[in-house]
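To be precise, the following lines are final10.cif, and they hold mmCIF, C-alpha atoms and all ligand atoms.
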data_work
loop_
_atom_site.label_atom_id
_atom_site.label_comp_id
_atom_site.auth_asym_id
_atom_site.auth_seq_id
_atom_site.Cartn_x
_atom_site.Cartn_y
_atom_site.Cartn_z
CA MET A 1465 -55.67 3.53 -7.00
CA ASP A 1466 -52.77 1.18 -7.70
CA TYR A 1467 -49.31 2.76 -7.55
CA PRO A 1468 -46.06 1.10 -8.71
CA GLY A 1469 -44.43 1.79 -5.31
CA ASN A 1470 -45.38 0.24 -1.97
CA LEU A 1471 -46.40 1.82 1.29
CA PHE A 1472 -45.25 0.38 4.62
CA VAL A 1473 -46.64 1.72 7.89
CA VAL A 1474 -44.96 1.05 11.23
CA ALA A 1475 -46.79 1.89 14.46
CA ALA A 1476 -46.02 1.17 18.10
CA PRO A 1477 -46.49 2.60 21.56
CA SER A 1478 -43.93 5.27 22.39
CA GLY A 1479 -40.63 3.68 23.37
CA ALA A 1480 -41.25 0.26 21.77
CA GLY A 1481 -38.42 0.94 19.34
CA LYS A 1482 -40.04 1.75 16.00
CA SER A 1483 -37.77 4.69 15.11
CA SER A 1484 -34.67 2.62 15.91
CA LEU A 1485 -35.93 -0.29 13.81
CA VAL A 1486 -36.97 1.88 10.85
CA LYS A 1487 -33.64 3.72 10.96
CA ALA A 1488 -31.75 0.40 10.87
CA LEU A 1489 -33.97 -0.88 8.03
CA LEU A 1490 -33.26 2.24 5.96
CA GLU A 1491 -29.54 1.55 6.28
CA LEU A 1492 -30.02 -2.01 4.98
CA ASP A 1493 -32.62 -1.44 2.27
CA SER A 1494 -31.98 1.41 -0.14
CA GLN A 1495 -35.31 0.85 -1.91
CA VAL A 1496 -37.19 2.15 1.12
CA GLN A 1497 -37.52 5.88 1.69
CA PRO A 1498 -38.65 7.56 4.92
CA SER A 1499 -41.49 10.05 5.11
CA VAL A 1500 -41.03 13.19 7.20
CA SER A 1501 -44.20 14.11 9.11
CA HIS A 1502 -45.43 17.49 10.30
CA THR A 1503 -46.00 18.02 14.01
CA THR A 1504 -47.02 20.72 16.44
CA ARG A 1505 -44.80 19.16 19.16
CA PRO A 1506 -41.60 21.09 19.96
CA PRO A 1507 -38.29 19.50 18.88
CA ARG A 1508 -36.58 17.29 21.49
CA GLY A 1509 -32.87 16.49 21.88
CA GLN A 1510 -30.93 16.88 18.64
CA GLU A 1511 -34.01 16.81 16.37
CA LYS A 1512 -33.79 19.08 13.32
CA HIS A 1513 -36.57 20.73 11.29
CA GLY A 1514 -37.00 18.80 8.03
CA ARG A 1515 -35.05 15.74 9.23
CA GLU A 1516 -37.07 14.06 12.03
CA TYR A 1517 -40.13 16.28 11.51
CA TYR A 1518 -41.35 19.54 10.06
CA PHE A 1519 -42.02 21.38 13.32
CA VAL A 1520 -44.92 23.74 12.71
CA SER A 1521 -47.18 26.02 14.74
CA GLU A 1522 -50.83 25.19 15.46
CA GLN A 1523 -51.80 27.83 12.86
CA GLU A 1524 -49.56 26.31 10.18
CA PHE A 1525 -50.97 22.88 10.91
CA ASP A 1526 -54.54 24.26 10.65
CA GLN A 1527 -53.72 25.80 7.29
CA MET A 1528 -52.46 22.49 5.96
CA VAL A 1529 -55.59 20.71 7.19
CA LEU A 1530 -57.81 23.32 5.48
CA ALA A 1531 -55.79 23.08 2.27
CA ASP A 1532 -56.31 19.29 2.30
CA GLY A 1533 -52.53 18.87 2.48
CA PHE A 1534 -52.54 15.76 4.68
CA VAL A 1535 -53.19 12.19 3.65
CA GLU A 1536 -53.74 11.47 7.37
CA TRP A 1537 -53.35 13.31 10.66
CA ALA A 1538 -54.16 12.67 14.34
CA PHE A 1539 -53.84 13.94 17.90
CA VAL A 1540 -51.18 11.88 19.65
CA HIS A 1541 -50.03 12.44 23.27
CA GLY A 1542 -51.50 15.97 23.22
CA ASN A 1543 -49.96 17.15 19.94
CA ARG A 1544 -50.95 16.92 16.28
CA TYR A 1545 -49.01 14.87 13.76
CA GLY A 1546 -49.68 14.40 10.05
CA THR A 1547 -48.33 12.88 6.86
CA SER A 1548 -48.46 15.34 3.98
CA LYS A 1549 -49.70 14.19 0.58
CA ARG A 1550 -46.46 15.55 -0.83
CA ALA A 1551 -44.44 13.23 1.45
CA ILE A 1552 -45.74 10.09 -0.20
CA GLU A 1553 -47.97 10.32 -3.27
CA GLU A 1554 -45.43 11.50 -5.83
CA ARG A 1555 -42.84 8.99 -4.59
CA ILE A 1556 -45.04 5.88 -4.70
CA ALA A 1557 -46.34 7.04 -8.10
CA ARG A 1558 -42.69 7.01 -9.27
CA GLY A 1559 -42.24 3.46 -7.97
CA ALA A 1560 -40.42 4.13 -4.68
CA ASP A 1561 -41.29 2.25 -1.48
CA VAL A 1562 -42.14 4.64 1.34
CA ILE A 1563 -42.21 3.81 5.05
CA LEU A 1564 -44.31 5.80 7.52
CA GLU A 1565 -43.68 5.83 11.26
CA ILE A 1566 -47.03 6.96 12.58
CA ASP A 1567 -49.55 6.14 15.29
CA TYR A 1568 -52.36 3.60 14.95
CA GLN A 1569 -55.05 6.23 14.14
CA GLY A 1570 -53.00 7.43 11.18
CA ALA A 1571 -52.21 3.85 10.14
CA LEU A 1572 -55.90 2.98 9.98
CA GLN A 1573 -56.64 6.14 7.95
CA ILE A 1574 -53.86 5.16 5.51
CA LYS A 1575 -55.29 1.64 5.09
CA ARG A 1576 -58.67 3.12 4.12
CA ILE A 1577 -57.04 5.20 1.37
CA PHE A 1578 -54.30 2.79 0.24
CA ALA A 1579 -55.78 -0.69 0.52
CA ASN A 1580 -52.40 -2.27 -0.32
CA ALA A 1581 -50.51 -0.46 2.45
CA VAL A 1582 -48.75 -2.97 4.72
CA LEU A 1583 -49.44 -2.25 8.40
CA ILE A 1584 -46.81 -3.44 10.89
CA PHE A 1585 -47.20 -3.06 14.66
CA ILE A 1586 -44.20 -3.18 17.00
CA LEU A 1587 -44.78 -4.42 20.56
CA PRO A 1588 -42.37 -4.17 23.50
CA PRO A 1589 -41.62 -7.42 25.36
CA SER A 1590 -43.16 -6.09 28.62
CA TRP A 1591 -44.51 -3.01 30.42
CA ASP A 1592 -41.40 -2.77 32.59
CA GLU A 1593 -39.15 -2.81 29.55
CA LEU A 1594 -41.29 -0.17 27.81
CA ARG A 1595 -40.99 2.14 30.81
CA SER A 1596 -37.23 1.59 31.13
CA ARG A 1597 -36.67 2.21 27.41
CA LEU A 1598 -38.45 5.57 27.71
CA GLN A 1599 -36.45 6.39 30.83
CA ARG A 1600 -33.11 5.25 29.34
CA ARG A 1601 -33.77 7.30 26.19
CA GLY A 1602 -33.69 10.29 28.51
CA GLU A 1603 -35.51 12.71 26.22
CA ASP A 1604 -38.91 13.03 27.90
CA SER A 1605 -39.94 14.43 31.28
CA PRO A 1606 -41.41 12.01 33.89
CA ASP A 1607 -44.88 13.48 33.16
CA THR A 1608 -44.50 12.90 29.43
CA ILE A 1609 -43.33 9.33 30.08
CA ASP A 1610 -46.38 8.71 32.30
CA LEU A 1611 -48.73 10.09 29.64
CA ARG A 1612 -47.13 7.95 26.93
CA LEU A 1613 -47.37 4.82 29.12
CA GLN A 1614 -51.04 5.57 29.89
CA ASN A 1615 -51.76 5.84 26.15
CA ALA A 1616 -49.80 2.66 25.38
CA ALA A 1617 -52.61 0.32 26.57
CA GLU A 1618 -55.13 1.79 24.10
CA GLU A 1619 -52.51 1.76 21.33
CA MET A 1620 -51.52 -1.87 21.91
CA ALA A 1621 -55.18 -2.95 21.77
CA GLN A 1622 -55.10 -1.88 18.11
CA ALA A 1623 -52.36 -4.35 17.17
CA ARG A 1624 -54.99 -6.83 15.98
CA GLU A 1625 -56.01 -4.45 13.18
CA PHE A 1626 -52.52 -4.66 11.69
CA ASP A 1627 -51.21 -7.07 9.03
CA PHE A 1628 -48.10 -8.02 11.03
CA VAL A 1629 -46.99 -7.79 14.66
CA ILE A 1630 -43.33 -7.86 15.69
CA ILE A 1631 -42.16 -8.17 19.30
CA ASN A 1632 -39.06 -6.03 19.71
CA GLU A 1633 -37.20 -7.90 22.44
CA LEU A 1634 -33.87 -8.67 20.81
CA PHE A 1635 -33.23 -5.79 18.44
CA GLU A 1636 -31.47 -7.83 15.73
CA ARG A 1637 -34.25 -10.42 15.70
CA ALA A 1638 -36.95 -7.74 15.35
CA LEU A 1639 -34.96 -6.05 12.59
CA PHE A 1640 -34.68 -9.38 10.76
CA ASP A 1641 -38.48 -9.79 10.97
CA LEU A 1642 -39.11 -6.26 9.70
CA LYS A 1643 -36.70 -6.75 6.81
CA ALA A 1644 -38.29 -10.09 5.91
CA ILE A 1645 -41.83 -8.61 5.91
CA VAL A 1646 -40.81 -5.69 3.68
CA HIS A 1647 -38.98 -7.98 1.27
CA ALA A 1648 -41.76 -10.60 1.07
CA GLN A 1649 -44.54 -8.04 0.60
CA ARG A 1650 -42.57 -6.21 -2.08
CA LEU A 1651 -42.13 -9.49 -4.01
CA LYS A 1652 -45.81 -10.35 -3.57
CA PHE A 1653 -47.03 -6.98 -4.87
CA SER A 1654 -44.64 -6.93 -7.79
CA ALA A 1655 -45.77 -10.45 -8.83
CA GLN A 1656 -49.40 -9.28 -8.60
CA ARG A 1657 -48.66 -6.21 -10.74
CA ARG A 1658 -46.90 -8.36 -13.37
CA ALA A 1659 -49.82 -10.81 -13.48
CA ARG A 1660 -52.29 -7.94 -13.87
CA ALA A 1661 -50.23 -6.39 -16.68
CA GLU A 1662 -50.03 -9.73 -18.51
CA THR A 1663 -53.76 -10.32 -18.16
CA PHE A 1664 -54.41 -6.82 -19.48
CA LYS A 1665 -52.06 -7.44 -22.44
CA ALA A 1666 -53.72 -10.79 -23.24
CA LEU A 1667 -57.21 -9.24 -23.12
CA HIS A 1668 -56.03 -6.46 -25.42
CA ILE A 1669 -54.75 -8.96 -28.01
CA LEU A 1670 -58.00 -10.96 -28.03
N1 LIG F 1701 -34.69 -4.19 21.24
C1 LIG F 1701 -34.31 -3.18 22.02
N2 LIG F 1701 -33.69 -3.46 23.20
C2 LIG F 1701 -33.31 -2.45 24.02
N3 LIG F 1701 -33.49 -1.14 23.79
C3 LIG F 1701 -34.10 -0.81 22.62
C4 LIG F 1701 -34.54 -1.81 21.70
N4 LIG F 1701 -35.12 -1.19 20.65
C5 LIG F 1701 -35.04 0.14 20.91
N5 LIG F 1701 -34.42 0.36 22.08
C6 LIG F 1701 -34.16 1.66 22.75
O1 LIG F 1701 -35.42 2.10 23.31
C7 LIG F 1701 -35.53 3.52 23.22
C8 LIG F 1701 -36.83 3.87 22.48
O2 LIG F 1701 -36.67 3.51 21.12
P1 LIG F 1701 -37.26 4.43 19.94
O3 LIG F 1701 -36.93 5.85 20.18
O4 LIG F 1701 -36.81 3.80 18.69
O5 LIG F 1701 -38.83 4.18 20.21
P2 LIG F 1701 -40.09 4.70 19.42
O6 LIG F 1701 -41.07 3.59 19.38
O7 LIG F 1701 -39.70 5.28 18.11
O8 LIG F 1701 -40.64 5.84 20.37
P3 LIG F 1701 -41.41 7.23 20.02
O9 LIG F 1701 -42.74 6.88 19.42
O10 LIG F 1701 -41.54 7.90 21.35
O11 LIG F 1701 -40.54 8.03 19.09
C9 LIG F 1701 -34.28 4.03 22.53
O12 LIG F 1701 -33.37 4.50 23.50
C10 LIG F 1701 -33.74 2.79 21.79
O13 LIG F 1701 -32.33 2.85 21.66
N1 LIG F 1702 -50.87 9.85 12.88
C1 LIG F 1702 -49.59 10.21 12.87
N2 LIG F 1702 -48.77 9.89 13.90
C2 LIG F 1702 -47.49 10.24 13.83
C3 LIG F 1702 -46.96 10.93 12.73
N3 LIG F 1702 -45.63 11.16 12.96
C4 LIG F 1702 -45.36 10.60 14.14
N4 LIG F 1702 -46.46 10.05 14.67
C5 LIG F 1702 -46.59 9.31 15.94
O1 LIG F 1702 -46.68 10.18 17.05
C6 LIG F 1702 -46.20 9.49 18.21
C7 LIG F 1702 -45.26 10.34 19.00
O2 LIG F 1702 -44.10 10.60 18.27
P1 LIG F 1702 -42.85 11.35 18.96
O3 LIG F 1702 -41.88 11.60 17.85
O4 LIG F 1702 -43.41 12.58 19.60
O5 LIG F 1702 -42.30 10.39 19.97
C8 LIG F 1702 -45.55 8.20 17.71
O6 LIG F 1702 -46.48 7.15 17.90
C9 LIG F 1702 -45.37 8.49 16.26
O7 LIG F 1702 -45.34 7.32 15.48
C10 LIG F 1702 -47.83 11.26 11.64
O8 LIG F 1702 -47.46 11.86 10.64
N5 LIG F 1702 -49.12 10.88 11.77
#

For the file at hand, write its structure as structure tokens.
Ligand SMILES: Nc1ncnc2c1ncn2[C@@H]1O[C@H](COP(=O)(O)OP(=O)(O)OP(=O)(O)O)[C@@H](O)[C@H]1O
Ligand SMILES: Nc1nc2c(ncn2[C@@H]2O[C@H](COP(=O)(O)O)[C@@H](O)[C@H]2O)c(=O)[nH]1
Amino acid sequence: MDYPGNLFVVAAPSGAGKSSLVKALLELDSQVQPSVSHTTRPPRGQEKHGREYYFVSEQEFDQMVLADGFVEWAFVHGNRYGTSKRAIEERIARGADVILEIDYQGALQIKRIFANAVLIFILPPSWDELRSRLQRRGEDSPDTIDLRLQNAAEEMAQAREFDFVIINELFERALFDLKAIVHAQRLKFSAQRRARAETFKALHIL
């Protein structure tokens, strides 16, 4: 199905900086809208229901799965996370660009459903820096940080499945790359849609 809006998917190991980059992109590019996921993980820090996530119980998550309410969902670091159909379908059908911050399993599910989705993977510059970013963020227990670092190796091995890879060493440089990818892909898809519409019109006249 071809929608007038575009879908961008950003994945990364925990602590690589994807939320910070997406947040900065949203401030610079008003055409892009965030998607709020559902999760069974408890809120951390200043997180608010409906802003960072919809925080739901295991039972509520099960009900949404049974009702076919998710476009994708996955187990990540011991909790479940999912993107609701409502979070994206209506908006891309209206022509908005939507950006998802999800893990690689979800990203690959999205690509199977939306072949034009643009998959972007964010890598940290090193293991040491990844660990210190998680520690400096100060929102996870040492056990949670260890679990997230253990999972990072498997996650990073998936980078090759993505359309673009950005190394987030200098924040401003990585943000520039993310902005450039979004802009270039948007132009590419809109040129393709125009060409298809003109071909369709020409065939109709003949
Ligand atoms: N280029 C950078 N240089 C230094 N610190 C950074 C950089 N990018 C992000 N950070 C910091 O690293 C920490 C982790 O970033 P962030 O929360 O954005 O990661 P994340 O990939 O979204 O993690 P998670 O998946 O756990 O939510 C934050 O404290 C953020 O301010
Ligand atoms: N497959 C999905 N993964 C998601 C979704 N929302 C977030 N995530 C990913 O989970 C981890 C952990 O996030 P955290 O907020 O607990 O640090 C991270 O990789 C997120 O990108 C989703 O809807 N689907």

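Of the listed residues (A:Gln1649, A:Gln1523, A:Gln1510, A:Gln1569), A:Gln1569 comes nearest to ligand LIG 1702 (chain F); the distances count all atoms listed in the file.
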
Protein and nucleic residues near ligand LIG 1701 (chain F), 9 Å, all atoms listed in the file, as a ChimeraX atom specification: /A:1475-1487,1565-1567,1586-1589,1593-1594,1596-1604,1612,1631-1639

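Minimum atom-to-atom distance to ligand LIG 1702 (chain F), evaluated using all atoms listed in the file, belongs to A:Ile1563 out of A:Ile1563, A:Ala1488, A:Ala1557, A:Val1496.
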
For ligand LIG 1702 (chain F), collect every residue having any atom at a distance of at most 10 Å from a ligand atom (counting only C-alpha atoms and all ligand atoms); output as a ChimeraX atom specification. /A:1473-1480,1482-1483,1499-1508,1511,1516-1518,1534-1548,1551,1564-1574,1598,1603-1604,1608,1612,1615-1616,1619

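In this structure, atom CA of A:Ala1581 sits 18.0 Å away from atom CA of A:Arg1658.
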
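A straight line drawn from atom CA of A:Phe1628 to atom CA of A:Ala1659 is 24.7 Å long.
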
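Take atom CA of A:Val1529 and atom CA of A:Val1582: the distance between them is 24.8 Å.
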
I'd like the contact shell of A:Asn1580 - 9 Å cut-off, only C-alpha atoms, skipping same-chain residues fewer than 5 positions apart - returned as a PyMOL selection string. chain A and resi 1466+1470-1471+1575+1653

Between A:His1668, A:Gly1469, A:Ala1644, A:Glu1491, which is the closest to A:Ile1552 once you count only C-alpha atoms? A:Gly1469

Restricting to all atoms listed in the file, whichever of A:Ile1556, A:Val1520, A:Ala1661, A:Ile1584 is closest to A:Phe1626 is A:Ile1584

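Minimum atom-to-atom distances from A:Phe1640, A:Lys1665, A:Tyr1467, A:Arg1657 to A:Glu1554 were compared using only C-alpha atoms, and the lowest value belongs to A:Tyr1467.
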
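Residue nearest A:Gln1497 within the list A:Ala1531, A:Val1562, A:Leu1583, A:Ala1617: A:Val1562 [criterion: smallest interatomic distance, all atoms listed in the file].
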